[in-house]
file model.txt (compact mmCIF, C-alpha atoms)
# COMPACT_ATOMS: atom_id res chain seq x y z
CA MET A 291 -7.54 181.68 24.33
CA SER A 292 -6.19 178.72 22.43
CA ARG A 293 -7.24 175.33 23.68
CA THR A 294 -5.46 172.04 23.26
CA THR A 295 -7.29 169.85 20.81
CA SER A 296 -7.39 167.29 23.58
CA PRO A 297 -8.37 163.86 22.25
CA GLN A 298 -11.75 162.99 23.70
CA ASP A 299 -12.95 160.01 21.67
CA PRO A 300 -12.03 156.65 23.24
CA PHE A 301 -9.58 155.66 20.49
CA SER A 302 -7.64 158.91 20.61
CA ARG A 303 -7.54 158.73 24.39
CA LEU A 304 -6.14 155.19 24.19
CA ALA A 305 -3.60 156.30 21.56
CA HIS A 306 -2.53 159.14 23.85
CA ASP A 307 -2.20 156.79 26.82
CA LEU A 308 -0.20 154.21 24.84
CA ARG A 309 2.39 156.76 23.77
CA SER A 310 3.68 157.02 27.34
CA PRO A 311 4.53 153.33 27.80
CA LEU A 312 5.98 153.34 24.29
CA SER A 313 8.18 156.27 25.32
CA VAL A 314 9.34 154.36 28.38
CA ILE A 315 10.14 151.27 26.29
CA ALA A 316 11.96 153.32 23.64
CA GLY A 317 13.75 155.32 26.33
CA ILE A 318 15.01 152.27 28.22
CA ALA A 319 15.98 150.42 25.02
CA SER A 320 17.89 153.41 23.68
CA ARG A 321 19.65 153.87 27.03
CA GLU A 322 20.62 150.20 27.35
CA ARG A 323 21.84 149.78 23.77
CA GLU A 324 24.65 152.24 24.39
CA GLY A 325 27.71 150.27 25.37
CA LEU A 326 26.38 146.98 23.99
CA SER A 327 27.45 145.20 20.87
CA GLY A 328 26.58 142.19 18.77
CA ALA A 329 23.38 140.25 19.38
CA SER A 330 22.36 142.19 22.50
CA ARG A 331 22.59 145.49 20.66
CA GLU A 332 20.66 144.06 17.72
CA ALA A 333 17.94 142.88 20.08
CA LEU A 334 17.57 146.38 21.52
CA ASP A 335 17.58 147.87 18.03
CA LYS A 336 14.73 145.52 17.23
CA ILE A 337 12.84 146.67 20.33
CA LEU A 338 13.32 150.30 19.29
CA ASP A 339 12.26 149.61 15.74
CA GLU A 340 9.16 147.73 16.80
CA THR A 341 8.24 150.46 19.28
CA LEU A 342 8.34 152.95 16.44
CA ARG A 343 6.30 150.58 14.30
CA ALA A 344 3.66 150.33 17.03
CA SER A 345 3.50 154.09 17.31
CA ARG A 346 3.22 154.38 13.53
CA MET A 347 0.24 152.00 13.68
CA LEU A 348 -1.37 154.40 16.14
CA GLU A 349 -0.64 157.31 13.81
CA ASN A 350 -2.15 155.43 10.89
CA ARG A 351 -5.19 154.46 12.90
CA ALA A 352 -5.61 158.07 14.07
CA ALA A 353 -5.37 159.24 10.45
CA ILE A 354 -8.08 156.79 9.40
CA ALA A 355 -10.25 158.02 12.29
CA LYS A 356 -9.79 161.59 11.07
CA VAL A 357 -10.72 160.63 7.52
CA ASP A 358 -13.75 158.70 8.80
CA ALA A 359 -14.88 161.70 10.83
CA GLY A 360 -16.07 163.03 7.50
CA SER A 361 -15.02 166.65 7.34
CA ALA A 362 -12.51 167.50 4.63
CA LEU A 363 -8.90 167.14 5.72
CA PRO A 364 -7.15 170.49 6.06
CA ARG A 365 -4.63 171.38 3.37
CA GLU A 366 -1.65 173.65 3.06
CA TRP A 367 1.05 174.03 0.40
CA LEU A 368 4.08 171.97 1.33
CA SER A 369 7.44 171.57 -0.34
CA VAL A 370 7.91 167.93 -1.33
CA GLU A 371 11.67 168.33 -1.05
CA GLU A 372 11.22 169.40 2.58
CA LEU A 373 8.82 166.54 3.30
CA VAL A 374 11.18 163.99 1.78
CA GLY A 375 14.12 165.43 3.74
CA ALA A 376 12.17 165.30 7.01
CA VAL A 377 10.92 161.77 6.41
CA LEU A 378 14.36 160.45 5.43
CA ALA A 379 15.80 161.96 8.60
CA ARG A 380 13.07 160.34 10.68
CA LEU A 381 13.56 156.93 9.04
CA GLU A 382 17.35 157.12 9.06
CA PRO A 383 17.87 154.08 11.31
CA ARG A 384 15.72 151.94 9.01
CA LEU A 385 17.57 153.10 5.91
CA VAL A 386 21.10 152.29 7.06
CA GLY A 387 22.97 150.47 4.28
CA ARG A 388 20.44 151.37 1.60
CA SER A 389 20.91 153.67 -1.31
CA VAL A 390 17.99 156.09 -1.43
CA GLU A 391 17.96 158.20 -4.54
CA THR A 392 15.74 161.25 -4.63
CA SER A 393 14.66 163.09 -7.71
CA VAL A 394 12.59 165.99 -6.44
CA ASP A 395 12.85 169.53 -7.74
CA GLY A 396 13.03 172.20 -5.05
CA ASP A 397 9.86 173.90 -6.24
CA VAL A 398 7.50 170.90 -6.36
CA LEU A 399 4.65 171.54 -3.94
CA ILE A 400 1.88 169.30 -2.65
CA HIS A 401 -1.48 170.52 -1.36
CA SER A 402 -2.06 168.45 1.75
CA ASP A 403 -2.11 168.38 5.50
CA ALA A 404 1.48 168.18 6.79
CA VAL A 405 0.89 165.22 9.12
CA MET A 406 -0.97 163.30 6.43
CA ALA A 407 1.65 163.96 3.74
CA GLU A 408 4.41 162.90 6.12
CA LEU A 409 2.50 159.75 7.01
CA LEU A 410 1.97 158.90 3.33
CA LEU A 411 5.68 159.11 2.62
CA ILE A 412 6.64 157.28 5.81
CA ASN A 413 4.30 154.43 4.93
CA LEU A 414 5.56 154.18 1.36
CA LEU A 415 9.17 154.08 2.52
CA ASP A 416 8.46 151.75 5.40
CA ASN A 417 6.67 149.49 2.98
CA ALA A 418 9.57 149.63 0.53
CA THR A 419 12.06 148.64 3.24
CA ARG A 420 9.93 145.94 4.83
CA TYR A 421 9.19 143.94 1.70
CA THR A 422 12.56 144.12 -0.02
CA PRO A 423 15.96 142.55 0.74
CA PRO A 424 18.17 144.55 3.15
CA GLY A 425 20.52 146.82 1.27
CA SER A 426 18.42 147.04 -1.89
CA ALA A 427 17.95 150.48 -3.42
CA ILE A 428 14.93 152.76 -3.18
CA GLU A 429 14.05 155.71 -5.39
CA ILE A 430 11.79 158.64 -4.56
CA THR A 431 10.51 160.93 -7.28
CA ALA A 432 7.98 163.74 -7.29
CA ARG A 433 6.58 165.81 -10.08
CA ARG A 434 3.71 168.13 -10.92
CA VAL A 435 1.27 166.97 -13.55
CA ASP A 436 -1.43 169.50 -14.39
CA SER A 437 -2.96 170.56 -11.07
CA ALA A 438 -1.77 167.53 -9.13
CA THR A 439 1.33 166.22 -7.43
CA THR A 440 2.59 162.71 -8.07
CA LEU A 441 4.89 160.95 -5.60
CA GLU A 442 6.54 157.67 -6.44
CA VAL A 443 8.53 155.30 -4.28
CA SER A 444 10.22 152.53 -6.26
CA ASP A 445 11.92 149.49 -4.81
CA HIS A 446 14.07 146.68 -6.12
CA GLY A 447 12.30 143.90 -4.25
CA PRO A 448 10.52 140.81 -5.53
CA GLY A 449 7.84 142.95 -7.15
CA LEU A 450 4.10 142.44 -7.07
CA SER A 451 1.85 139.51 -7.61
CA ALA A 452 -0.54 139.87 -10.55
CA GLU A 453 -3.35 140.06 -8.02
CA ALA A 454 -1.82 143.01 -6.17
CA VAL A 455 -1.36 144.93 -9.42
CA ARG A 456 -4.95 144.35 -10.44
CA ASN A 457 -6.59 145.53 -7.31
CA VAL A 458 -4.87 147.70 -4.72
CA ASP A 459 -7.96 147.73 -2.48
CA GLN A 460 -7.77 144.05 -1.77
CA PRO A 461 -5.98 142.23 1.05
CA ALA A 462 -2.77 141.92 -0.98
CA GLU A 463 -2.49 145.68 -0.59
CA SER A 464 -3.23 145.78 3.11
CA ARG A 465 -0.53 143.17 3.55
CA ARG A 466 1.82 145.79 2.25
CA GLY A 467 0.61 148.19 4.90
CA LEU A 468 -0.91 150.79 2.66
CA THR A 469 -4.46 150.82 3.98
CA ALA A 470 -4.06 154.16 5.72
CA CYS A 471 -2.41 155.63 2.60
CA GLN A 472 -5.30 154.48 0.49
CA ARG A 473 -7.81 156.12 2.84
CA ILE A 474 -5.93 159.41 3.11
CA VAL A 475 -5.43 159.62 -0.65
CA ALA A 476 -9.09 158.84 -1.30
CA SER A 477 -10.19 161.61 1.04
CA TYR A 478 -8.06 164.02 -1.04
CA LYS A 479 -9.78 162.65 -4.14
CA GLY A 480 -6.45 161.27 -5.27
CA LYS A 481 -5.17 157.95 -6.46
CA LEU A 482 -2.87 155.23 -5.13
CA GLU A 483 -1.48 152.80 -7.66
CA MET A 484 0.95 149.91 -7.46
CA VAL A 485 2.73 148.96 -10.62
CA PRO A 486 5.68 146.72 -11.41
CA ARG A 487 8.97 148.56 -11.78
CA ALA A 488 10.72 148.17 -15.11
CA GLY A 489 13.71 145.97 -14.37
CA GLY A 490 12.14 144.37 -11.29
CA GLY A 491 10.59 145.60 -8.07
CA ALA A 492 7.50 147.65 -7.36
CA VAL A 493 6.45 151.28 -7.71
CA VAL A 494 3.83 152.79 -5.44
CA ARG A 495 2.49 155.97 -6.97
CA ILE A 496 0.32 158.52 -5.17
CA THR A 497 -1.36 161.38 -6.98
CA ILE A 498 -3.03 164.18 -5.03
CA PRO A 499 -4.92 166.87 -6.95
CA ASP A 500 -4.80 170.48 -5.70
CA ALA A 501 -7.88 171.95 -4.07
CA SER A 502 -6.87 175.53 -4.93
CA THR A 503 -4.35 177.43 -7.06
CA SER A 504 -0.72 176.75 -6.28
CA PRO A 505 1.19 179.74 -4.85
CA THR A 506 4.00 179.24 -7.40
CA SER A 507 1.57 180.11 -10.17
CA ARG A 508 0.91 183.44 -8.44
CA ASN A 509 3.19 186.37 -8.73
CA ASP A 510 4.96 186.86 -5.44
CA LYS A 511 7.98 188.51 -3.91
CA MET B 129 20.10 178.03 39.46
CA SER B 130 18.24 175.14 41.11
CA ASN B 131 19.23 172.67 38.36
CA THR B 132 15.81 171.08 38.84
CA VAL B 133 13.72 169.79 35.96
CA LEU B 134 9.98 169.91 36.64
CA ILE B 135 8.14 167.04 34.93
CA ILE B 136 4.43 167.58 34.28
CA ASP B 137 2.92 164.38 32.87
CA ASP B 138 -0.04 162.22 33.86
CA ASP B 139 1.75 158.90 33.28
CA SER B 140 3.54 157.78 36.45
CA GLU B 141 5.80 155.23 34.69
CA LEU B 142 6.96 157.83 32.19
CA ARG B 143 7.63 160.28 35.03
CA ALA B 144 9.62 157.61 36.89
CA PHE B 145 11.66 156.91 33.77
CA LEU B 146 12.35 160.60 33.19
CA VAL B 147 13.33 161.09 36.84
CA GLY B 148 15.84 158.24 36.56
CA ALA B 149 17.25 159.38 33.25
CA LEU B 150 17.61 163.03 34.26
CA THR B 151 19.07 162.12 37.67
CA ASN B 152 21.71 160.02 35.90
CA HIS B 153 22.64 163.11 33.95
CA GLY B 154 23.12 165.28 37.00
CA PHE B 155 19.73 166.98 37.27
CA LYS B 156 17.45 167.20 40.23
CA THR B 157 13.80 166.58 39.46
CA ALA B 158 10.33 167.44 40.66
CA GLU B 159 7.21 165.83 39.26
CA VAL B 160 3.48 166.45 39.13
CA SER B 161 0.73 164.55 37.40
CA ASN B 162 -1.74 167.31 36.68
CA ALA B 163 -2.16 170.93 35.75
CA SER B 164 -3.62 172.06 39.05
CA GLN B 165 -0.51 171.09 41.04
CA ALA B 166 1.89 172.28 38.40
CA GLU B 167 1.68 176.01 39.05
CA GLU B 168 2.13 175.66 42.79
CA VAL B 169 5.10 173.33 42.46
CA ALA B 170 6.65 175.56 39.80
CA VAL B 171 6.63 178.44 42.30
CA GLN B 172 8.09 176.24 45.08
CA VAL B 173 10.93 174.56 43.23
CA ARG B 174 11.82 177.32 40.74
CA PRO B 175 12.80 174.79 38.07
CA THR B 176 15.62 175.36 35.66
CA LEU B 177 13.55 173.66 32.94
CA ILE B 178 10.01 172.32 32.56
CA LEU B 179 8.86 169.23 30.63
CA LEU B 180 5.15 169.66 29.95
CA ASP B 181 2.83 167.04 28.48
CA LEU B 182 0.27 168.80 26.30
CA GLY B 183 -2.35 166.07 26.80
CA LEU B 184 -2.97 166.38 30.53
CA PRO B 185 -6.28 164.79 31.49
CA ASP B 186 -7.39 167.48 33.94
CA GLY B 187 -6.81 170.47 31.82
CA ASP B 188 -5.41 172.27 28.97
CA GLY B 189 -1.67 172.06 28.47
CA LEU B 190 -1.67 175.30 26.48
CA GLU B 191 -3.57 177.15 29.18
CA LEU B 192 -1.11 175.91 31.78
CA LEU B 193 1.76 177.00 29.55
CA GLN B 194 0.30 180.51 29.37
CA GLN B 195 -0.04 180.63 33.15
CA LEU B 196 3.51 179.38 33.65
CA ARG B 197 4.75 181.96 31.15
CA ALA B 198 2.78 184.76 32.81
CA ARG B 199 4.61 184.06 36.08
CA ASN B 200 7.99 183.41 34.57
CA ALA B 201 8.92 184.39 31.06
CA THR B 202 12.33 182.78 30.87
CA THR B 203 12.33 179.22 32.29
CA PRO B 204 12.64 176.96 29.26
CA VAL B 205 9.61 174.76 28.60
CA ILE B 206 9.78 171.67 26.39
CA VAL B 207 6.39 170.25 25.50
CA LEU B 208 5.74 166.53 25.09
CA SER B 209 3.12 165.72 22.51
CA ALA B 210 1.80 163.29 19.93
CA ARG B 211 3.00 163.40 16.32
CA ASP B 212 -0.37 164.55 15.00
CA GLN B 213 -0.80 167.44 17.47
CA VAL B 214 0.73 169.87 14.99
CA GLU B 215 -1.58 172.81 15.79
CA ASP B 216 -0.97 172.35 19.50
CA LYS B 217 2.77 172.27 19.02
CA VAL B 218 2.69 175.43 16.90
CA SER B 219 0.46 177.17 19.47
CA ALA B 220 2.74 176.06 22.30
CA LEU B 221 5.84 177.33 20.49
CA ASP B 222 4.19 180.62 19.58
CA LEU B 223 3.11 180.96 23.23
CA GLY B 224 6.73 180.73 24.30
CA ALA B 225 7.53 177.04 24.67
CA ASN B 226 11.15 176.53 23.68
CA ASP B 227 10.84 173.22 21.90
CA TYR B 228 8.89 170.01 21.71
CA LEU B 229 9.45 166.27 21.81
CA THR B 230 7.18 163.80 20.08
CA LYS B 231 6.25 160.67 22.02
CA PRO B 232 7.73 158.12 21.80
CA PHE B 233 11.10 159.87 22.03
CA ASN B 234 14.47 158.38 22.80
CA MET B 235 17.00 159.43 25.41
CA ARG B 236 19.34 161.08 22.95
CA GLU B 237 16.61 163.36 21.62
CA LEU B 238 15.43 164.24 25.11
CA LEU B 239 18.90 165.13 26.38
CA ALA B 240 19.75 167.02 23.19
CA ARG B 241 16.60 169.17 23.51
CA VAL B 242 17.26 169.79 27.20
CA ARG B 243 20.86 170.82 26.52
CA VAL B 244 19.87 173.20 23.73
CA ALA B 245 17.07 174.78 25.78
CA LEU B 246 19.37 175.32 28.78
CA ARG B 247 22.12 176.74 26.60
CA HIS B 248 19.78 179.29 25.04
CA ALA B 249 18.28 180.14 28.44
CA GLY B 250 21.73 180.89 29.87
CA HIS B 251 22.67 182.93 26.85
CA ARG B 252 20.11 185.67 26.70
CA THR B 253 21.98 188.87 26.06
CA ALA B 254 20.71 192.14 24.64
CA THR B 255 23.31 192.31 21.91
CA PRO B 256 23.79 189.17 19.86
CA ASP B 257 27.28 187.77 19.50
CA PRO B 258 29.02 189.25 16.48
CA ILE B 259 30.30 185.80 15.53
CA VAL B 260 27.94 182.84 15.57
CA ASN B 261 29.04 179.27 14.85
CA ALA B 262 26.46 176.55 14.23
CA GLY B 263 27.26 173.27 12.54
CA PRO B 264 29.29 174.07 9.40
CA VAL B 265 28.07 177.67 9.38
CA ARG B 266 30.04 180.63 10.69
CA ILE B 267 28.37 184.02 10.62
CA ASP B 268 30.26 187.26 11.13
CA HIS B 269 27.59 189.86 11.77
CA GLU B 270 29.95 192.82 11.82
CA ARG B 271 31.56 192.04 8.49
CA HIS B 272 28.32 190.57 7.17
CA GLU B 273 30.11 187.43 6.04
CA ILE B 274 29.12 183.79 6.04
CA THR B 275 31.25 180.73 5.54
CA VAL B 276 30.00 177.18 5.13
CA ASP B 277 32.70 174.62 5.98
CA GLY B 278 35.18 177.46 5.75
CA VAL B 279 34.10 178.46 2.25
CA PRO B 280 32.83 182.05 1.87
CA THR B 281 29.22 181.87 0.70
CA ARG B 282 27.25 184.65 -0.91
CA LEU B 283 23.73 185.01 0.46
CA THR B 284 20.94 187.43 -0.40
CA PRO B 285 19.99 189.81 2.45
CA ILE B 286 16.88 187.71 3.19
CA GLU B 287 18.88 184.47 3.22
CA PHE B 288 21.43 186.10 5.50
CA ARG B 289 18.76 187.15 7.99
CA LEU B 290 17.11 183.74 7.79
CA LEU B 291 20.33 181.82 8.41
CA SER B 292 21.42 184.24 11.10
CA THR B 293 18.10 183.82 12.94
CA LEU B 294 18.30 180.03 12.72
CA ALA B 295 21.94 180.04 13.82
CA ARG B 296 21.32 182.27 16.84
CA ASN B 297 18.71 179.69 17.84
CA ALA B 298 20.78 176.70 16.78
CA GLY B 299 19.31 173.36 17.78
CA LYS B 300 15.92 174.90 18.53
CA VAL B 301 12.84 174.76 16.33
CA LEU B 302 11.46 178.08 15.08
CA THR B 303 7.88 178.25 13.81
CA HIS B 304 6.94 179.68 10.43
CA ARG B 305 5.41 182.64 12.25
CA GLN B 306 8.51 183.29 14.35
CA LEU B 307 10.78 183.21 11.29
CA LEU B 308 8.48 185.36 9.17
CA GLU B 309 8.17 187.93 11.95
CA GLU B 310 11.90 188.00 12.58
CA VAL B 311 13.05 188.09 8.96
CA TRP B 312 10.26 189.89 7.11
CA GLY B 313 8.77 191.86 9.98
CA PRO B 314 5.24 192.26 11.27
CA GLY B 315 2.36 191.76 8.86
CA LYS B 316 3.95 188.88 6.96
CA GLU B 317 3.35 186.13 9.55
CA THR B 318 1.17 184.05 7.26
CA GLU B 319 3.28 184.28 4.09
CA THR B 320 4.79 180.82 4.46
CA HIS B 321 5.39 180.73 0.72
CA TYR B 322 8.16 183.35 1.04
CA LEU B 323 9.76 181.25 3.70
CA ARG B 324 9.57 178.06 1.66
CA VAL B 325 11.13 179.69 -1.41
CA HIS B 326 14.04 181.25 0.50
CA MET B 327 14.64 178.13 2.58
CA ALA B 328 14.91 176.13 -0.66
CA SER B 329 17.59 178.47 -2.02
CA LEU B 330 19.37 178.50 1.34
CA ARG B 331 19.47 174.69 1.34
CA ARG B 332 21.14 174.83 -2.06
CA LYS B 333 23.88 177.04 -0.64
CA VAL B 334 24.40 175.30 2.71
CA GLU B 335 23.68 171.62 2.07
CA ARG B 336 25.64 169.10 0.03
CA ASP B 337 22.41 167.31 -0.84
CA PRO B 338 19.42 169.66 -0.43
CA ALA B 339 17.02 166.71 -0.66
CA ARG B 340 18.67 165.12 2.38
CA PRO B 341 19.70 168.11 4.46
CA ARG B 342 22.19 167.47 7.20
CA TRP B 343 21.74 170.86 8.93
CA LEU B 344 18.64 172.74 7.80
CA ALA B 345 15.92 170.47 9.12
CA THR B 346 12.26 170.90 8.21
CA GLU B 347 9.61 170.17 10.81
CA PRO B 348 6.61 169.71 8.49
CA GLY B 349 3.70 171.98 9.33
CA ILE B 350 5.67 173.58 12.17
CA GLY B 351 8.87 175.30 11.09
CA TYR B 352 12.61 174.81 10.73
CA ARG B 353 15.57 173.95 12.90
CA LEU B 354 19.27 174.43 12.27
CA ARG B 355 20.81 171.27 13.69
CA ASP B 356 23.94 171.89 15.69
CA GLU B 357 25.22 168.37 16.26

call {"tool": "encode", "arguments": {"input": "model.txt", "output": "structure tokens"}}
result
Amino acid sequence: MSRTTSPQDPFSRLAHDLRSPLSVIAGIASREREGLSGASREALDKILDETLRASRMLENRAAIAKVDAGSALPREWLSVEELVGAVLARLEPRLVGRSVETSVDGDVLIHSDAVMAELLLINLLDNATRYTPPGSAIEITARRVDSATTLEVSDHGPGLSAEAVRNVDQPAESRRGLTACQRIVASYKGKLEMVPRAGGGAVVRITIPDASTSPTSRNDK
Amino acid sequence: MSNTVLIIDDDSELRAFLVGALTNHGFKTAEVSNASQAEEVAVQVRPTLILLDLGLPDGDGLELLQQLRARNATTPVIVLSARDQVEDKVSALDLGANDYLTKPFNMRELLARVRVALRHAGHRTATPDPIVNAGPVRIDHERHEITVDGVPTRLTPIEFRLLSTLARNAGKVLTHRQLLEEVWGPGKETETHYLRVHMASLRRKVERDPARPRWLATEPGIGYRLRDE
């Protein structure tokens, strides 16, 4: 018989318990915003957005706990196009008024846990929207290089301080909310880099090496 | 039909909110806070739909789901769960849950899921409709024809079966296993690579921008859903 992987450690229990009040807050805010306009509607949008941000913090913290637990994170082959599509749908309210350009071939795969890969992309996009002017463009690209997948999210914001470029592990990086990304990527023996974007802005680049042979290199059908 | 939604969740504030929201939308409700009461109440109220939190403190949500299913195979069950409970969601769906909601959810999502689950529950016929409409897709099973936004679209036999399966379950998530079983048949349940490849080509035929699909939604690690609104 299958058993629920019921969260037993105190943090996971707390995270589980917090999701209910967050659901009530999100539920009431989304109900009340219907039929409102102007400043009142914006206030409720802000409540909804911050509720989602709080729940994303829980997700990030849970991911770090999983990484810290020591055992290797599970992996499966995932389509990056599908991940990007799912994440853009989930972040739609945050991306209103922005041009998001994607350059992802349909057959680019990434070898990762689905929740972790989704969280990586969510964080990169959230980061790109939070630290750049409203309405500025974002680009997402993915490609295969040797036996690894590289994801890049580029923004047209103020760019990076010299300090942030030099050392992504330092507080400048955590300010940009990428701590969980850094930890997940490290546990996959990958790399997270921040570099200035040519023409202004920042690029956050994640590279995750495969742990086994990609199914596209096998003969199937 | 009792038109009663049974809410099984340990958080009393969330239950109170759900009771209010569902009552406003014309449902009756019944609520329990734990697994041990759930079975008994389910027998008493004969709910038209069940909302089940997978993280109940006194027991195993999946076990309860199996027991509820053993008694009644058709009442739609929507599970409430955390984002990172992917394995649990997949198990719940493969055990016969109709859909899931990730906490925190908003009202629109909740009502959309409830509507879809009730529609499919009331629509269980032995022979599928010869014509199925879902979003921009219209499938004529007798003539074996598909149009997308009115434009005839040529699909491979696998793509046809895939789209037809998703469209017959429009609005509802289908797991990798369910789709593989339905489209490729038994023995292929773990070949998610087939599914990924054919979904990618289907997206190219159905979606304007396959990287930002409007209709063929991916639920990472879980499966796919053809959106219907």

call {"tool": "closest_atom_pairs", "arguments": {"input": "model.txt", "of": "chain B", "to": "chain A", "cutoff": "7 Å", "atoms": "only C-alpha atoms", "output": "Markdown table"}}
result
| residue | atom | partner | partner_atom | distance |
| --- | --- | --- | --- | --- |
| B:Asp139 | CA | A:Ser310 | CA | 6.5 |
| B:Leu142 | CA | A:Val314 | CA | 5.7 |
| B:Phe145 | CA | A:Val314 | CA | 6.4 |
| B:Gly183 | CA | A:Ser296 | CA | 6.1 |
| B:Asp188 | CA | A:Thr294 | CA | 5.7 |
| B:Gly189 | CA | A:Thr294 | CA | 6.4 |
| B:Leu190 | CA | A:Thr294 | CA | 5.9 |
| B:Glu191 | CA | A:Arg293 | CA | 6.9 |
| B:Asp212 | CA | A:Val405 | CA | 6.1 |
| B:Asp216 | CA | A:Thr294 | CA | 5.9 |
| B:Lys231 | CA | A:Arg309 | CA | 5.8 |
| B:Pro232 | CA | A:Ser313 | CA | 4.0 |
| B:Phe233 | CA | A:Ser313 | CA | 5.7 |
| B:Asn234 | CA | A:Gly317 | CA | 4.7 |
| B:Met235 | CA | A:Gly317 | CA | 5.3 |
| B:Ala328 | CA | A:Gly396 | CA | 6.2 |
| B:Ala339 | CA | A:Gly375 | CA | 5.4 |
| B:Arg340 | CA | A:Gly375 | CA | 4.8 |
| B:Pro341 | CA | A:Gly375 | CA | 6.2 |
| B:Ala345 | CA | A:Ala376 | CA | 6.7 |
| B:Thr346 | CA | A:Ala376 | CA | 5.7 |
| B:Glu347 | CA | A:Ala376 | CA | 6.7 |
| B:Pro348 | CA | A:Ala404 | CA | 5.6 |
| B:Gly349 | CA | A:Ala404 | CA | 5.1 |

call {"tool": "residues_around", "arguments": {"input": "model.txt", "residues": "A:Thr439", "least_positions_apart": "3", "cutoff": "6 Å", "atoms": "only C-alpha atoms", "output": "ChimeraX atom specification"}}
result
/A:400,433-434,497-498

call {"tool": "closest_residue", "arguments": {"input": "model.txt", "among": "B:Leu180, B:Leu294, B:Ala249, B:Leu238", "to": "B:Thr203", "atoms": "only C-alpha atoms"}}
result
B:Ala249

call {"tool": "closest_residue", "arguments": {"input": "model.txt", "among": "B:Arg266, B:Ala220, B:Leu179, B:Arg336", "to": "B:Val279", "atoms": "all atoms listed in the file"}}
result
B:Arg266

call {"tool": "residues_near_point", "arguments": {"input": "model.txt", "point": "(8.6, 144.4, -0.5)", "cutoff": "6 Å", "atoms": "only C-alpha atoms", "output": "NGL selection string"}}
result
:A and (418 or 420-422 or 447)

call {"tool": "closest_residue", "arguments": {"input": "model.txt", "among": "B:Leu192, B:Ile267, B:Ile286, B:Ala163", "to": "B:Asp137", "atoms": "all atoms listed in the file"}}
result
B:Ala163

call {"tool": "residues_around", "arguments": {"input": "model.txt", "residues": "A:Ala427", "least_positions_apart": "4", "cutoff": "12 Å", "atoms": "only C-alpha atoms", "output": "PDB file with C-alpha atoms, keeping the file's coordinate frame"}}
result
ATOM      1  CA  LEU A 385      17.570 153.100   5.910  1.00  0.00           C
ATOM      2  CA  VAL A 386      21.100 152.290   7.060  1.00  0.00           C
ATOM      3  CA  GLY A 387      22.970 150.470   4.280  1.00  0.00           C
ATOM      4  CA  ARG A 388      20.440 151.370   1.600  1.00  0.00           C
ATOM      5  CA  SER A 389      20.910 153.670  -1.310  1.00  0.00           C
ATOM      6  CA  VAL A 390      17.990 156.090  -1.430  1.00  0.00           C
ATOM      7  CA  GLU A 391      17.960 158.200  -4.540  1.00  0.00           C
ATOM      8  CA  THR A 392      15.740 161.250  -4.630  1.00  0.00           C
ATOM      9  CA  LEU A 415       9.170 154.080   2.520  1.00  0.00           C
ATOM     10  CA  ALA A 418       9.570 149.630   0.530  1.00  0.00           C
ATOM     11  CA  THR A 419      12.060 148.640   3.240  1.00  0.00           C
ATOM     12  CA  THR A 422      12.560 144.120  -0.020  1.00  0.00           C
ATOM     13  CA  PRO A 423      15.960 142.550   0.740  1.00  0.00           C
ATOM     14  CA  VAL A 443       8.530 155.300  -4.280  1.00  0.00           C
ATOM     15  CA  SER A 444      10.220 152.530  -6.260  1.00  0.00           C
ATOM     16  CA  ASP A 445      11.920 149.490  -4.810  1.00  0.00           C
ATOM     17  CA  HIS A 446      14.070 146.680  -6.120  1.00  0.00           C
ATOM     18  CA  GLY A 447      12.300 143.900  -4.250  1.00  0.00           C
ATOM     19  CA  GLY A 490      12.140 144.370 -11.290  1.00  0.00           C
ATOM     20  CA  GLY A 491      10.590 145.600  -8.070  1.00  0.00           C
ATOM     21  CA  ALA A 492       7.500 147.650  -7.360  1.00  0.00           C
TER      22      ALA A 492
END

call {"tool": "atom_distance", "arguments": {"input": "model.txt", "atom1": "atom CA of A:Gly480", "atom2": "atom CA of A:Ile496"}}
result
7.3 Å

call {"tool": "closest_residue", "arguments": {"input": "model.txt", "among": "B:Leu239, B:Leu134, B:Leu330, B:Val218", "to": "B:Ala149", "atoms": "all atoms listed in the file"}}
result
B:Leu239

call {"tool": "atom_distance", "arguments": {"input": "model.txt", "atom1": "atom CA of B:Thr275", "atom2": "atom CA of B:Glu357"}}
result
17.4 Å

call {"tool": "axis_aligned_box", "arguments": {"input": "model.txt", "around": "stretch 314-331 of chain B", "padding_each_side": "8 Å", "output": "lines of an AutoDock Vina configuration file"}}
result
center_x = 10.3
center_y = 183.5
center_z = 4.6
size_x = 34.3
size_y = 33.6
size_z = 29.3

call {"tool": "residues_around", "arguments": {"input": "model.txt", "residues": "B:Ala225", "least_positions_apart": "4", "cutoff": "10 Å", "atoms": "all atoms listed in the file", "output": "MDAnalysis selection string"}}
result
chainID B and resid 178:180 190 193:194 197 201:207 217:221 245

call {"tool": "atom_distance", "arguments": {"input": "model.txt", "atom1": "atom CA of B:Tyr322", "atom2": "atom CA of B:Glu309"}}
result
11.8 Å
